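work-v7.tsv (TSV, C-alpha atoms) appears below.
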```tsv
chain	number	residue	atom	x	y	z
A	1	MET	CA	-15.77	31.28	-73.51
A	2	ALA	CA	-13.31	28.94	-75.20
A	3	ILE	CA	-13.43	31.01	-78.38
A	4	LEU	CA	-12.51	34.19	-76.49
A	5	SER	CA	-9.62	32.34	-74.86
A	6	LYS	CA	-8.35	31.21	-78.27
A	7	ILE	CA	-8.68	34.72	-79.70
A	8	GLY	CA	-6.84	36.14	-76.68
A	9	ASN	CA	-4.03	33.61	-77.04
A	10	PHE	CA	-3.77	34.34	-80.78
A	11	LEU	CA	-3.57	38.10	-80.18
A	12	LYS	CA	-0.99	37.65	-77.43
A	13	THR	CA	1.15	35.45	-79.69
A	14	ALA	CA	0.74	37.78	-82.66
A	15	TRP	CA	1.71	40.78	-80.53
A	16	THR	CA	4.88	39.10	-79.27
A	17	LYS	CA	5.94	37.97	-82.76
A	18	GLU	CA	4.83	40.90	-84.95
A	19	PRO	CA	3.75	43.95	-82.95
A	20	ILE	CA	3.79	46.35	-85.92
A	21	VAL	CA	1.59	44.14	-88.08
A	22	THR	CA	-0.78	43.54	-85.17
A	23	ALA	CA	-1.01	47.28	-84.45
A	24	ALA	CA	-1.63	48.03	-88.14
A	25	ILE	CA	-4.44	45.47	-88.30
A	26	ALA	CA	-5.96	46.92	-85.11
A	27	ILE	CA	-5.87	50.46	-86.57
A	28	ILE	CA	-7.46	49.29	-89.83
A	29	THR	CA	-10.16	47.41	-87.92
A	30	MET	CA	-10.92	50.48	-85.79
A	31	GLY	CA	-11.04	52.63	-88.92
A	32	VAL	CA	-13.74	50.40	-90.36
A	33	VAL	CA	-15.78	49.77	-87.20
A	34	VAL	CA	-15.78	53.20	-85.48
A	35	PRO	CA	-17.52	55.15	-88.29
A	36	LEU	CA	-20.28	52.54	-88.39
A	37	LEU	CA	-20.93	52.99	-84.66
A	38	SER	CA	-20.56	56.77	-84.61
A	39	PRO	CA	-23.63	58.82	-83.57
A	40	SER	CA	-22.89	61.38	-86.27
A	41	ARG	CA	-23.81	58.70	-88.82
A	42	LYS	CA	-27.44	58.91	-87.67
A	43	TYR	CA	-27.59	62.70	-88.04
A	44	SER	CA	-25.79	62.79	-91.37
A	45	GLY	CA	-28.29	60.22	-92.68
A	46	MET	CA	-31.20	62.33	-91.45
A	47	ILE	CA	-29.75	65.43	-93.11
A	48	ASN	CA	-29.23	63.56	-96.38
A	49	GLU	CA	-32.83	62.35	-96.34
A	50	ALA	CA	-34.15	65.87	-95.78
A	51	THR	CA	-31.96	67.51	-98.43
A	52	PRO	CA	-33.51	67.41	-101.90
A	53	TYR	CA	-31.42	66.02	-104.74
A	54	ILE	CA	-33.31	67.99	-107.38
A	55	TYR	CA	-33.54	71.67	-106.62
A	56	PRO	CA	-36.48	73.63	-108.02
A	57	VAL	CA	-35.94	75.68	-111.14
A	58	PRO	CA	-37.69	79.05	-111.11
A	59	VAL	CA	-40.54	79.04	-113.63
A	60	ARG	CA	-43.37	81.44	-114.28
A	61	ASP	CA	-46.58	80.15	-112.76
A	62	ASP	CA	-49.54	80.62	-115.07
A	63	GLY	CA	-51.92	79.30	-112.41
A	64	ASN	CA	-52.17	75.93	-114.12
A	65	MET	CA	-49.25	74.18	-112.38
A	66	PRO	CA	-50.37	72.70	-109.04
A	67	ASP	CA	-47.15	70.75	-108.42
A	68	ILE	CA	-44.82	73.77	-108.73
A	69	PRO	CA	-44.55	76.15	-105.77
A	70	SER	CA	-45.53	79.74	-106.48
A	71	HIS	CA	-42.16	80.96	-105.21
A	72	PRO	CA	-38.80	79.12	-105.03
A	73	CYS	CA	-38.44	79.99	-101.32
A	74	ASP	CA	-41.78	78.42	-100.33
A	75	LYS	CA	-41.29	75.78	-97.66
A	76	GLU	CA	-41.91	72.33	-99.07
A	77	GLY	CA	-40.73	68.90	-98.10
A	78	PRO	CA	-39.43	67.63	-94.76
A	79	SER	CA	-38.65	70.15	-92.04
A	80	LEU	CA	-35.18	70.60	-90.57
A	81	GLU	CA	-36.45	71.88	-87.21
A	82	TRP	CA	-34.95	68.85	-85.45
A	83	LEU	CA	-31.51	70.00	-86.63
A	84	LYS	CA	-31.96	73.46	-85.12
A	85	LYS	CA	-32.87	71.93	-81.73
A	86	LEU	CA	-29.61	69.96	-81.38
```
Translate the structure of the given file into structure tokens.
Amino acid sequence: MAILSKIGNFLKTAWTKEPIVTAAIAIITMGVVVPLLSPSRKYSGMINEATPYIYPVPVRDDGNMPDIPSHPCDKEGPSLEWLKKL
């Protein structure tokens, strides 16, 4: 509790002496902290995980390529159904 009292006294003194500098520091601090706590961060991370970084290149399947889908539009990888349900 003593630490909060000291921080409060410091902020009160800083605001009375230099309100513009104190406001600028508060805005910078909010600019750093708010995006980290934003709920959109969770969803953007989930979208980035589901989006492939390497997109498939259309190739002719000779029947001897088990790791290549038969058509570029074949559904492979994680589903984005959770995004449609938002």
Å distance separating CA of Leu11 (chain A) from CA of Pro39 (chain A), one decimal place: 29.0 Å
Point-to-point distance in Å for CA of Leu36 (chain A) and CA of Glu18 (chain A): 27.9 Å
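Candidate residues A:Ile28, A:Lys12, A:Tyr43, A:Ala23 were compared for distance to Leu86 (chain A), and the nearest is A:Tyr43, using all atoms listed in the file.
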Atom pair CA of Lys84 (chain A) / CA of Arg41 (chain A): separation (Å): 17.3 Å
Can you tell me, as an mmCIF file with C-alpha atoms, in the frame of the given file, which residues sit within 8 Å of (-35.6, 65.2, -92.9) in the file's frame, using all atoms listed in the file?
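File part.cif, as written:
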```
data_model
loop_
_atom_site.group_PDB
_atom_site.id
_atom_site.type_symbol
_atom_site.label_atom_id
_atom_site.label_comp_id
_atom_site.auth_asym_id
_atom_site.auth_seq_id
_atom_site.Cartn_x
_atom_site.Cartn_y
_atom_site.Cartn_z
ATOM 1 C CA MET A 46 -31.200 62.330 -91.450
ATOM 2 C CA ILE A 47 -29.750 65.430 -93.110
ATOM 3 C CA ASN A 48 -29.230 63.560 -96.380
ATOM 4 C CA GLU A 49 -32.830 62.350 -96.340
ATOM 5 C CA ALA A 50 -34.150 65.870 -95.780
ATOM 6 C CA THR A 51 -31.960 67.510 -98.430
ATOM 7 C CA PRO A 78 -39.430 67.630 -94.760
ATOM 8 C CA SER A 79 -38.650 70.150 -92.040
ATOM 9 C CA LEU A 80 -35.180 70.600 -90.570
#
```
Let me have the centre and edge lengths in Å, one decimal, of the box along x, y and z around every listed atom of region 31-47 of chain A with 5 Å of margin on each side, as lines of an AutoDock Vina configuration file.
```
center_x = -21.1
center_y = 57.6
center_z = -88.3
size_x = 30.2
size_y = 25.7
size_z = 19.5
```
